[in-house]
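Raw contents of work.txt, compact mmCIF, C-alpha atoms:
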# COMPACT_ATOMS: atom_id res chain seq x y z
CA MET A 1 0.00 0.00 0.00
CA ILE A 2 1.27 3.46 -0.95
CA SER A 3 0.96 6.34 1.51
CA ALA A 4 1.20 10.06 0.81
CA SER A 5 0.60 13.13 2.88
CA ALA A 6 -0.05 16.72 1.98
CA GLY A 7 3.10 18.81 1.88
CA SER A 8 5.32 15.72 1.73
CA ALA A 9 8.77 16.44 0.37
CA THR A 10 9.06 13.00 -1.14
CA SER A 11 6.96 11.80 -4.02
CA GLU A 12 5.52 8.30 -4.33
CA SER A 13 4.51 6.88 -7.71
CA LEU A 14 1.88 4.43 -8.88
CA GLU A 15 1.59 3.09 -12.43
CA PHE A 16 -1.41 1.24 -13.89
CA ASP A 17 -2.24 -0.38 -17.18
CA GLU A 18 -5.38 1.30 -18.54
CA PHE A 19 -7.30 -2.02 -18.45
CA ASP A 20 -6.25 -2.90 -14.88
CA ARG A 21 -9.40 -3.70 -12.88
CA ARG A 22 -7.79 -4.89 -9.63
CA GLY A 23 -6.41 -1.54 -8.54
CA ARG A 24 -4.11 -0.62 -5.66
CA LEU A 25 -4.57 0.64 -2.10
CA VAL A 26 -3.28 4.09 -1.13
CA THR A 27 -3.47 6.35 1.91
CA LEU A 28 -4.82 9.82 1.16
CA SER A 29 -6.76 12.49 2.99
CA TRP A 30 -10.42 12.95 2.06
CA GLU A 31 -9.55 16.17 0.20
CA GLY A 32 -6.79 14.43 -1.75
CA ALA A 33 -9.08 11.55 -2.68
CA GLN A 34 -11.71 14.04 -3.85
CA HIS A 35 -9.16 15.87 -6.04
CA LEU A 36 -8.04 12.57 -7.55
CA SER A 37 -11.58 11.41 -8.22
CA GLN A 38 -12.52 14.67 -9.94
CA THR A 39 -9.77 14.24 -12.53
CA GLY A 40 -11.55 11.20 -13.98
CA LEU A 41 -8.30 9.25 -14.32
CA VAL A 42 -9.09 6.62 -11.69
CA GLU A 43 -12.07 5.49 -9.67
CA VAL A 44 -11.46 6.20 -5.97
CA LEU A 45 -13.23 3.71 -3.69
CA PRO A 46 -13.18 3.89 0.14
CA ALA A 47 -11.34 0.97 1.75
CA GLY A 48 -10.94 2.14 5.36
CA ARG A 49 -9.97 5.26 7.26
CA ASP A 50 -7.92 7.46 4.88
CA THR A 51 -7.44 4.33 2.74
CA TRP A 52 -8.68 4.19 -0.83
CA ARG A 53 -8.57 1.70 -3.70
CA LEU A 54 -7.63 3.24 -7.05
CA ILE A 55 -8.92 1.55 -10.22
CA PRO A 56 -8.36 2.94 -13.75
CA CYS A 57 -11.64 3.95 -15.34
CA GLY A 58 -10.92 4.10 -19.09
CA CYS A 59 -8.59 7.10 -19.48
CA VAL A 60 -4.82 7.51 -19.58
CA GLY A 61 -2.73 10.29 -18.15
CA SER A 62 -0.87 11.50 -15.09
CA VAL A 63 -2.10 13.09 -11.86
CA ARG A 64 -0.14 14.53 -8.92
CA VAL A 65 -1.89 15.10 -5.61
CA GLU A 66 -0.50 15.29 -2.04
CA GLY A 67 2.91 14.00 -3.07
CA LEU A 68 1.38 10.98 -4.86
CA SER A 69 1.93 10.55 -8.59
CA VAL A 70 -0.63 8.34 -10.34
CA ARG A 71 0.02 7.35 -13.96
CA VAL A 72 -2.26 5.26 -16.16
CA LEU A 73 -0.37 4.04 -19.22
CA PRO A 74 -1.88 3.03 -22.57
CA ALA A 75 -2.10 -0.71 -23.20
CA ALA A 76 -0.75 -0.16 -26.72
CA ASN A 77 2.84 0.34 -25.44
CA LEU A 78 2.84 4.06 -26.15
CA GLY A 79 5.42 6.50 -24.90
CA LEU A 80 5.10 10.26 -24.66
CA THR A 81 6.12 10.82 -28.28
CA GLN A 82 3.39 8.58 -29.67
CA LEU A 83 0.78 9.85 -27.21
CA PHE A 84 1.30 13.48 -28.23
CA PHE A 85 1.33 12.40 -31.87
CA LEU A 86 -2.18 10.98 -31.41
CA LEU A 87 -3.23 14.21 -29.71
CA ASP A 88 -2.53 15.95 -33.03
CA HIS A 89 -5.74 14.39 -34.33
CA ALA A 90 -7.84 15.41 -31.34
CA ALA A 91 -8.03 19.09 -32.29
CA ASP A 92 -8.35 21.12 -35.43
CA ASN A 93 -4.97 22.82 -35.06
CA ALA A 94 -2.32 20.15 -34.72
CA PHE A 95 1.15 21.05 -33.50
CA LEU A 96 4.29 19.79 -35.20
CA PRO A 97 5.74 16.39 -34.14
CA SER A 98 8.83 18.23 -32.86
CA ALA A 99 6.83 20.44 -30.49
CA VAL A 100 7.28 18.15 -27.46
CA GLN A 101 10.90 17.15 -27.04
CA ALA A 102 10.54 14.00 -24.98
CA ARG A 103 11.92 10.51 -24.81
CA ASP A 104 9.42 7.78 -24.08
CA ASP A 105 10.89 7.25 -20.59
CA ASP A 106 10.83 10.96 -19.69
CA GLU A 107 8.65 12.36 -16.92
CA LEU A 108 5.51 13.86 -18.46
CA TRP A 109 5.40 17.13 -16.54
CA ALA A 110 9.07 18.03 -17.02
CA SER A 111 8.96 17.19 -20.75
CA VAL A 112 5.91 19.34 -21.43
CA ALA A 113 7.18 22.22 -19.29
CA GLU A 114 10.64 22.27 -20.91
CA SER A 115 9.13 22.12 -24.41
CA MET A 116 6.71 24.97 -23.58
CA ALA A 117 9.50 27.13 -22.16
CA ALA A 118 11.71 26.58 -25.21
CA LEU A 119 8.96 27.27 -27.77
CA ALA A 120 7.66 30.35 -25.92
CA HIS A 121 11.13 31.91 -25.61
CA GLN A 122 11.75 31.28 -29.29
CA ALA A 123 8.43 32.91 -30.23
CA LEU A 124 8.96 35.95 -27.99
CA SER A 125 12.58 36.53 -29.02
CA SER A 126 11.47 38.85 -31.85
CA GLY A 127 9.06 40.84 -29.72
CA LEU A 128 5.57 40.76 -28.31
CA LEU A 129 2.58 40.03 -30.52
CA ARG A 130 -0.11 42.72 -30.54
CA GLY A 131 -3.48 42.98 -32.20
CA TYR A 132 -6.80 44.76 -32.28
CA ARG A 133 -9.39 43.76 -29.72
CA ARG A 134 -13.00 44.99 -29.53
CA VAL A 135 -13.79 46.75 -26.27
CA ASP A 136 -17.30 47.59 -25.02
CA GLU A 137 -17.07 50.17 -22.23
CA ALA A 138 -18.91 52.99 -20.45
CA LEU A 139 -16.89 56.26 -20.73
CA THR A 140 -17.36 59.93 -20.01
CA THR A 141 -16.00 60.85 -23.47
CA VAL A 142 -16.74 59.57 -26.94
CA ARG A 143 -14.37 56.92 -28.24
CA GLY A 144 -15.17 54.77 -31.24
CA ARG A 145 -18.92 54.58 -31.77
CA ILE A 146 -21.83 54.96 -29.35
CA ARG A 147 -24.04 51.91 -28.82
CA LEU A 148 -27.38 53.75 -28.86
CA GLY A 149 -29.46 50.74 -27.88
CA ASP A 150 -27.38 50.05 -24.77
CA GLN A 151 -27.21 53.79 -23.97
CA ILE A 152 -31.01 54.17 -23.93
CA ARG A 153 -31.56 50.91 -22.04
CA ARG A 154 -28.89 51.40 -19.36
CA HIS A 155 -28.84 55.21 -18.96
CA PRO A 156 -32.27 56.57 -20.01
CA GLY A 157 -32.29 60.37 -20.20
CA MET A 158 -28.58 60.64 -19.29
CA THR A 159 -25.79 61.96 -21.48
CA ILE A 160 -22.98 60.32 -19.51
CA PRO A 161 -21.59 57.76 -19.11
CA LEU A 162 -21.61 56.82 -22.78
CA GLU A 163 -21.83 53.19 -23.89
CA VAL A 164 -19.17 52.98 -26.60
CA THR A 165 -17.39 50.35 -28.68
CA TYR A 166 -13.86 50.82 -29.95
CA SER A 167 -10.90 48.77 -31.19
CA GLU A 168 -7.78 48.77 -29.03
CA PHE A 169 -4.30 47.83 -30.23
CA THR A 170 -3.18 45.73 -27.29
CA PRO A 171 -1.11 42.70 -26.23
CA ASP A 172 -4.21 41.36 -24.43
CA ILE A 173 -5.23 39.13 -27.35
CA ALA A 174 -6.13 35.43 -27.58
CA GLU A 175 -2.62 34.29 -28.58
CA ASN A 176 -0.87 35.99 -25.65
CA ARG A 177 -3.57 34.96 -23.18
CA ILE A 178 -3.13 31.30 -24.13
CA LEU A 179 0.69 31.48 -23.98
CA ARG A 180 0.70 33.23 -20.62
CA THR A 181 -1.86 30.88 -19.06
CA ALA A 182 0.11 27.80 -20.15
CA ALA A 183 3.39 29.18 -18.76
CA HIS A 184 1.69 30.35 -15.55
CA ARG A 185 0.12 26.96 -14.81
CA LEU A 186 3.18 24.90 -15.65
CA GLN A 187 5.54 26.79 -13.34
CA PHE A 188 3.58 25.53 -10.31
CA LEU A 189 4.09 21.86 -11.20
CA PRO A 190 6.13 19.88 -8.67
CA ASP A 191 9.64 18.53 -9.30
CA LEU A 192 10.43 20.82 -12.22
CA PRO A 193 14.10 21.74 -12.74
CA ASP A 194 14.79 25.21 -11.35
CA ALA A 195 16.01 26.45 -14.73
CA THR A 196 12.75 25.39 -16.40
CA ARG A 197 10.66 27.03 -13.68
CA ARG A 198 12.60 30.30 -14.07
CA ARG A 199 12.15 30.30 -17.86
CA LEU A 200 8.40 29.77 -17.48
CA ALA A 201 8.24 32.60 -14.92
CA MET A 202 10.05 34.88 -17.41
CA VAL A 203 7.45 34.07 -20.09
CA ASP A 204 4.67 34.77 -17.57
CA ALA A 205 6.22 38.13 -16.68
CA ARG A 206 6.83 39.08 -20.31
CA LEU A 207 3.13 38.58 -21.05
CA THR A 208 1.85 40.29 -17.90
CA ASP A 209 -0.40 42.63 -19.95
CA ALA A 210 -2.36 39.61 -21.21
CA SER A 211 -5.18 38.29 -19.01
CA LEU A 212 -4.97 34.82 -17.49
CA ILE A 213 -7.61 32.27 -18.46
CA GLY A 214 -9.35 30.90 -15.39
CA GLN A 215 -9.41 27.18 -14.66
CA GLY A 216 -12.41 25.74 -16.50
CA ALA A 217 -13.13 28.99 -18.37
CA PRO A 218 -13.63 28.87 -22.17
CA VAL A 219 -10.36 28.99 -24.10
CA PRO A 220 -10.34 31.81 -26.68
CA THR A 221 -9.91 30.76 -30.29
CA TRP A 222 -7.02 31.85 -32.45
CA THR A 223 -6.50 31.55 -36.19
CA PRO A 224 -3.12 30.89 -37.85
CA THR A 225 -2.16 33.94 -39.90
CA ARG A 226 0.92 35.50 -41.42
CA LEU A 227 1.18 37.82 -38.41
CA ASN A 228 1.35 35.06 -35.79
CA ALA A 229 3.37 32.59 -37.89
CA ARG A 230 6.38 32.64 -35.50
CA PHE A 231 4.04 31.91 -32.56
CA GLN A 232 2.17 28.97 -34.06
CA ASP A 233 4.26 26.07 -32.72
CA ALA A 234 4.19 27.53 -29.20
CA LEU A 235 0.49 28.36 -29.48
CA ALA A 236 -0.52 24.88 -30.58
CA LEU A 237 1.25 23.30 -27.61
CA ALA A 238 0.01 26.00 -25.21
CA ASP A 239 -3.55 25.49 -26.43
CA ARG A 240 -3.32 21.80 -25.56
CA ILE A 241 -1.85 22.56 -22.16
CA VAL A 242 -4.61 25.02 -21.28
CA ARG A 243 -7.33 22.63 -22.47
CA ARG A 244 -5.92 19.36 -21.12
CA ILE A 245 -3.65 20.09 -18.16
CA SER A 246 -5.30 21.38 -15.00
CA VAL A 247 -3.29 22.77 -12.09
CA GLU A 248 -4.90 23.83 -8.81
CA VAL A 249 -2.64 26.15 -6.81
CA GLU A 250 -2.75 26.61 -3.05
CA ASP A 251 -0.27 28.76 -1.08
CA GLY A 252 2.01 29.08 -4.09
CA HIS A 253 2.24 25.32 -4.65
CA ALA A 254 0.29 22.90 -6.82
CA ALA A 255 -2.32 21.11 -4.73
CA SER A 256 -3.03 18.88 -7.72
CA ALA A 257 -2.01 18.61 -11.37
CA ALA A 258 -3.73 16.45 -13.94
CA PHE A 259 -3.38 15.45 -17.56
CA VAL A 260 -6.15 13.04 -18.58
CA THR A 261 -7.25 11.89 -22.03
CA GLU A 262 -9.33 9.09 -23.55
CA MET A 263 -7.38 6.67 -25.72
CA PRO A 264 -10.33 5.19 -27.70
CA ALA A 265 -11.34 8.64 -28.97
CA LEU A 266 -7.72 9.50 -29.83
CA PHE A 267 -7.20 6.28 -31.80
CA GLU A 268 -10.47 6.62 -33.71
CA ARG A 269 -9.68 10.23 -34.65
CA PHE A 270 -6.21 9.19 -35.83
CA VAL A 271 -7.50 6.41 -38.11
CA GLU A 272 -10.33 8.62 -39.40
CA ALA A 273 -8.00 11.55 -40.19
CA GLU A 274 -5.34 9.43 -41.91
CA LEU A 275 -7.83 7.44 -44.03
CA THR A 276 -9.65 10.61 -45.04
CA ALA A 277 -6.38 12.21 -46.17
CA ALA A 278 -5.41 9.09 -48.14
CA LEU A 279 -8.76 8.22 -49.79
CA ASP A 280 -10.62 11.48 -50.44
CA GLY A 281 -10.25 12.67 -54.03
CA ARG A 282 -9.84 11.12 -57.50
CA GLY A 283 -13.48 10.06 -57.59
CA GLY A 284 -13.44 8.50 -54.14
CA ARG A 285 -14.52 9.75 -50.75
CA LEU A 286 -14.75 8.50 -47.19
CA LEU A 287 -18.17 8.73 -45.53
CA HIS A 288 -18.15 9.10 -41.75
CA ASN A 289 -20.65 6.90 -39.91
CA PRO A 290 -23.50 6.81 -42.42
CA VAL A 291 -26.64 5.07 -41.15
CA VAL A 292 -28.23 2.33 -43.30
CA ASN A 293 -31.48 0.45 -42.67
CA LEU A 294 -31.12 -3.34 -42.65
CA ASP A 295 -34.81 -4.22 -42.92
CA SER A 296 -37.74 -3.45 -45.22
CA GLY A 297 -35.51 -2.91 -48.23
CA THR A 298 -36.90 -3.46 -51.72
CA GLU A 299 -34.98 -5.74 -54.04
CA SER A 300 -34.59 -4.29 -57.51
CA ASP A 301 -34.99 -6.64 -60.50
CA ASP A 302 -32.73 -4.32 -62.49
CA ASP A 303 -29.86 -4.72 -60.03
CA PRO A 304 -27.87 -7.88 -60.88
CA SER A 305 -26.12 -7.76 -57.51
CA GLY A 306 -29.40 -8.25 -55.67
CA ARG A 307 -28.57 -5.36 -53.37
CA HIS A 308 -31.40 -4.06 -51.23
CA SER A 309 -32.13 -0.36 -51.12
CA ALA A 310 -33.34 1.46 -48.03
CA PRO A 311 -37.04 2.38 -48.06
CA ALA A 312 -38.07 5.92 -48.82
CA ASP A 313 -40.28 6.31 -45.75
CA HIS A 314 -38.98 7.08 -42.27
CA GLY A 315 -40.72 4.32 -40.31
CA ASP A 316 -39.40 2.03 -37.60
CA HIS A 317 -36.41 0.17 -39.07
CA ILE A 318 -33.36 -1.76 -37.93
CA SER A 319 -30.50 0.66 -38.54
CA VAL A 320 -26.75 0.30 -38.19
CA ARG A 321 -23.90 2.77 -38.36
CA MET A 322 -21.44 1.75 -41.05
CA GLY A 323 -18.22 3.14 -39.56
CA LEU A 324 -16.06 4.68 -42.29
CA VAL A 325 -17.39 3.81 -45.75
CA TYR A 326 -15.16 4.22 -48.82
CA GLU A 327 -17.09 4.79 -52.03
CA VAL A 328 -15.96 5.48 -55.60
CA ASP A 329 -18.28 7.15 -58.13
CA GLY A 330 -21.13 6.83 -55.63
CA GLU A 331 -20.69 3.04 -55.19
CA PRO A 332 -19.55 1.59 -51.82
CA VAL A 333 -16.28 -0.35 -52.00
CA THR A 334 -15.46 -1.28 -48.40
CA THR A 335 -15.91 -0.13 -44.81
CA PHE A 336 -13.56 0.39 -41.86
CA VAL A 337 -14.32 0.32 -38.15
CA PRO A 338 -11.60 1.66 -35.81
CA THR A 339 -11.86 0.04 -32.39
CA TYR A 340 -9.66 0.43 -29.35
CA PRO A 341 -10.33 -2.74 -27.27
CA THR A 342 -7.42 -5.05 -28.08
CA ASP A 343 -8.62 -8.49 -26.87
CA ARG A 344 -10.47 -10.81 -29.25
CA ARG A 345 -13.55 -11.14 -27.05
CA ALA A 346 -14.06 -7.37 -27.03
CA ARG A 347 -13.61 -7.23 -30.83
CA ALA A 348 -16.25 -9.92 -31.48
CA ALA A 349 -19.13 -7.43 -31.35
CA GLU A 350 -17.42 -5.31 -34.02
CA HIS A 351 -17.24 -8.37 -36.31
CA TYR A 352 -21.04 -8.69 -36.14
CA ARG A 353 -21.37 -4.98 -36.86
CA LEU A 354 -19.07 -5.26 -39.90
CA LEU A 355 -20.95 -8.30 -41.19
CA ALA A 356 -24.19 -6.31 -41.04
CA ALA A 357 -22.47 -3.36 -42.74
CA CYS A 358 -21.19 -5.52 -45.60
CA THR A 359 -24.65 -7.03 -46.10
CA ALA A 360 -26.34 -3.63 -46.15
CA LEU A 361 -23.75 -2.06 -48.46
CA GLY A 362 -23.40 -5.02 -50.80
CA VAL A 363 -19.60 -5.26 -50.38
CA ASP A 364 -17.54 -8.35 -49.67
CA ARG A 365 -14.66 -6.94 -47.60
CA ALA A 366 -14.41 -4.86 -44.42
CA TYR A 367 -11.57 -3.87 -42.10
CA LEU A 368 -11.45 -3.90 -38.31
CA VAL A 369 -8.63 -1.49 -37.39
CA TYR A 370 -7.19 -1.73 -33.87
CA PRO A 371 -3.91 -1.07 -31.98
CA ALA A 372 -1.44 -3.96 -32.23
CA GLN A 373 -0.44 -5.65 -28.99
CA ARG A 374 2.71 -7.33 -30.33
CA ARG A 375 5.36 -6.24 -32.80
CA ASP A 376 4.70 -9.28 -35.03
CA ASP A 377 0.93 -8.73 -35.33
CA ALA A 378 -0.10 -8.88 -39.00
CA PRO A 379 -3.40 -8.37 -40.85
CA GLN A 380 -5.59 -11.48 -40.69
CA PRO A 381 -8.54 -11.98 -43.09
CA ARG A 382 -11.48 -13.94 -41.66
CA ARG A 383 -13.87 -15.43 -44.22
CA ILE A 384 -17.44 -15.59 -42.92
CA VAL A 385 -19.01 -19.02 -43.54
CA HIS A 386 -21.82 -19.33 -46.12
CA THR A 387 -20.98 -15.87 -47.49
CA ASP A 388 -18.48 -14.18 -49.79
CA ILE A 389 -17.63 -11.68 -47.05
CA SER A 390 -14.16 -11.35 -45.51
CA ILE A 391 -13.46 -9.26 -42.43
CA VAL A 392 -9.80 -8.29 -42.12
CA GLU A 393 -8.40 -7.73 -38.64
CA TYR A 394 -5.91 -4.94 -39.31
CA PRO A 395 -3.53 -4.07 -36.43
CA VAL A 396 -1.67 -0.73 -36.27
CA ASP A 397 1.54 -0.79 -34.21
CA LEU A 398 1.44 2.62 -32.52
CA SER A 399 4.58 1.88 -30.51
CA MET A 400 6.71 2.06 -33.69
CA GLY A 401 6.24 5.81 -33.89
CA PRO A 402 4.31 8.32 -36.01
CA ALA A 403 5.98 7.57 -39.36
CA GLU A 404 5.43 3.80 -39.13
CA SER A 405 1.83 4.23 -37.92
CA ARG A 406 1.05 6.50 -40.87
CA ARG A 407 2.73 4.08 -43.29
CA THR A 408 0.48 1.27 -42.03
CA ILE A 409 -2.65 3.36 -42.68
CA VAL A 410 -1.37 4.31 -46.15
CA GLU A 411 -0.97 0.59 -46.95
CA LEU A 412 -4.53 0.01 -45.76
CA SER A 413 -5.83 2.79 -48.00
CA GLN A 414 -4.00 1.26 -50.96
CA GLN A 415 -5.77 -2.05 -50.36
CA ALA A 416 -9.08 -0.17 -50.50
CA ARG A 417 -8.08 1.48 -53.79
CA ASP A 418 -7.14 -1.94 -55.21
CA LEU A 419 -10.62 -3.20 -54.32
CA ALA A 420 -12.13 -0.26 -56.22
CA ALA A 421 -10.11 -0.89 -59.41
CA PRO A 422 -12.06 -3.97 -60.68
CA ARG A 423 -15.38 -2.17 -60.09
CA SER A 424 -14.22 0.86 -62.09
CA ALA A 425 -13.04 -1.41 -64.93
CA ARG A 426 -16.37 -3.25 -64.95
CA HIS A 427 -18.29 0.04 -65.10
CA ARG A 428 -16.16 1.24 -68.03
CA THR A 429 -16.81 -2.05 -69.89
CA GLU A 430 -20.57 -1.80 -69.31
CA GLY A 431 -20.50 1.82 -70.50
CA ARG A 432 -18.82 0.85 -73.80
CA ARG A 433 -21.35 -2.00 -74.27
CA HIS A 434 -24.28 0.38 -73.79
CA ALA A 435 -22.64 2.88 -76.18
CA ARG A 436 -22.70 0.27 -78.97
Entire entry expressed as structure tokens:
Amino acid sequence: MISASAGSATSESLEFDEFDRRGRLVTLSWEGAQHLSQTGLVEVLPAGRDTWRLIPCGCVGSVRVEGLSVRVLPAANLGLTQLFFLLDHAADNAFLPSAVQARDDDELWASVAESMAALAHQALSSGLLRGYRRVDEALTTVRGRIRLGDQIRRHPGMTIPLEVTYSEFTPDIAENRILRTAAHRLQFLPDLPDATRRRLAMVDARLTDASLIGQGAPVPTWTPTRLNARFQDALALADRIVRRISVEVEDGHAASAAFVTEMPALFERFVEAELTAALDGRGGRLLHNPVVNLDSGTESDDDPSGRHSAPADHGDHISVRMGLVYEVDGEPVTTFVPTYPTDRRARAAEHYRLLAACTALGVDRAYLVYPAQRRDDAPQPRRIVHTDISIVEYPVDLSMGPAESRRTIVELSQQARDLAAPRSARHRTEGRRHAR
């Protein structure tokens, strides 16, 4: 059993596999247990006086509270580099792979803090970024334009104060607010090197005219432009820190720090983004989770494939989501379902879903894409009895790094294009026959 106390100079560590359901016993105060439970990283169950059982509850990440470090590691053998690579696909503005300088055995907090300090100093070396910000204010003199509606509603019959709107050229803009908030939060993390903490404090002081974003407050949006080009790497990392890393400060020290994320959502976004980039265009496109009715279809005598079409009415039907459907010239070719559970029993339900998808779409091949558990895992086709349908179990080895993971998805997309080639040739032959 691990024990930790508030204000302890030493730090104890616990590591879990994300699918661990046995848990471990720890000693924490009620406040510490509450902080830990609120992060959503582990389930905190009472097991006696100041004793709690910690059980991972489906997320991965790292939490520090009362001198206790709790880490839940991905089952797919991911290090920091691969984890932050997957985070690129969890937001619209991905940062470069080089943004976080970390080895896979590095401590999470120190790696992120050092990377943030380096990128922020590089961005600020050429000066502070300023921009125009809209300000709505009540003044005794006219500045900008008067908001007549607000003036009449708030100050009826009065000439002052005046409700005005004007544009101010200021450093208090979204970019600087995000950078400052990230540097401000990170400098309170425990066990940071003194040099890193000083560099973060310098960034915080340099951006003192920018407002801090409160914990849990909405994060302002920023748009990459020519003017903020030199800030974009730092901003992309800072944006992730502000959104995903929470730090609660008490008496100048971090009472708790948490980085928590859901691996299934990250993996599905990665597969979806890479397949879309590889397959969209040249007559083909990737449909995201289309819904098809399995029942009450009408079989067309003019369709030699015997495919059923969904009914025109919107009655009560058996419907199924198709996953990611690749179609060429409006005809479905194959479907993909990204799934994160790695054991065969958990994947069985997805096989049934893919079988239904193939039947509804009239295709004979589908792919179940999941994280590989071993380095020698290879794609394995499974032919469904009494049918022409094959479901291919397609593992992606995330532990090999970003380049290898992307190469695996590119190979998968090429298999889908190869499936489309015979259909396109058949359609061209039929077109020439009709032309005669």
Distance of atom CA of Arg243 of chain A from atom CA of Asp397 of chain A, expressed in Å to one decimal place: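 About the pair atom CA of Asp397 of chain A and atom CA of Arg243 of chain A: they are 27.7 Å apart.
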8 Å contact set for Glu268 of chain A, all atoms listed in the file, chain neighbours under 6 positions out, as a list of chain:residue names: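 Within the cut-off, the hits are A:Pro338, A:Thr339, A:Tyr340.
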To one decimal in Å, tell me the separation between atom CA of Tyr367 of chain A and atom CA of Pro381 of chain A. 8.7 Å
From the set A:Ala195, A:Leu73, A:Val63, A:Ala277, which residue has the shortest atom-to-atom contact distance to Val247 of chain A, counting all atoms listed in the file?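 Distance minimum relative to Val247 of chain A lands on A:Val63.
The residue that comes closest to Leu108 of chain A, out of A:Ala205, A:Leu200, A:Ala258, A:Ala47 and on the basis of all atoms listed in the file, is A:Ala258.
Using only C-alpha atoms, the shortest contact distance between Leu68 of chain A and any of A:Asn293, A:Ser13, A:Ser167, A:Thr225 is found at A:Ser13.
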Show which residues sit within 9 Å of Trp30 of chain A, as a VMD selection string. Count only C-alpha atoms, and ignore same-chain residues fewer than 4 positions away. chain A and resid 34 to 35 50
Test item: residues at most 10 Å from Val219 of chain A, all atoms listed in the file, excluding those fewer than 5 positions along its chain, as a ChimeraX atom specification: /A:174,177-178,213-214,239,242-243
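Minimum atom-to-atom distance to Gln38 of chain A, evaluated using all atoms listed in the file, belongs to A:Glu248 out of A:Glu248, A:Glu15, A:Asp329, A:Asp191.
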Could you jot down the atom CA of Val72 of chain A to atom CA of Val26 of chain A separation for me, Å, one decimal place?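 Spanning atom CA of Val72 of chain A to atom CA of Val26 of chain A is a straight-line distance of 15.1 Å.
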Which residues, written as a list in words, have at least one atom at most 7 Å from Leu207 of chain A, with all atoms listed in the file counted and residues fewer than 4 positions away on the same chain left out?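 Contacts, with the query itself left out: Asn176, Arg180 and Val203 of chain A.
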I need every residue sitting at most 10 Å from the point (3.6, 32.0, -33.3) (coordinates as in the file, only C-alpha atoms considered), written as number ranges by chain. A: 119-120, 122-124, 129, 175-176, 179, 224-236
Find the spatial neighbours of Arg285 of chain A, counting all atoms listed in the file, within a cut-off of 12 Å - ignore same-chain residues fewer than 6 positions away - and output them as number ranges by chain. A: 275-279, 324-335, 413, 416-417, 420
Choose the residue, out of A:Glu43, A:Asp418, A:Glu272, A:Glu168, that has the smallest atom-to-atom separation from His288 of chain A; count all atoms listed in the file.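 Checking each candidate against His288 of chain A, we get A:Glu272 as the closest.
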With all atoms listed in the file as the atoms that count, which of A:Arg244, A:Arg24, A:Arg269, A:Arg64 lies nearest to Ala257 of chain A?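 Ranked by minimum distance to Ala257 of chain A, first place goes to A:Arg64.
Around the point (-23.9, 59.8, -18.9), within 12 Å and counting all atoms listed in the file, we find these residues: Ala138, Leu139, Thr140, Thr141, Val142, Ile146, Asp150, Gln151, Ile152, Arg154, His155, Pro156, Gly157, Met158, Thr159, Ile160, Pro161, Leu162, Glu163 and Val164 of chain A.
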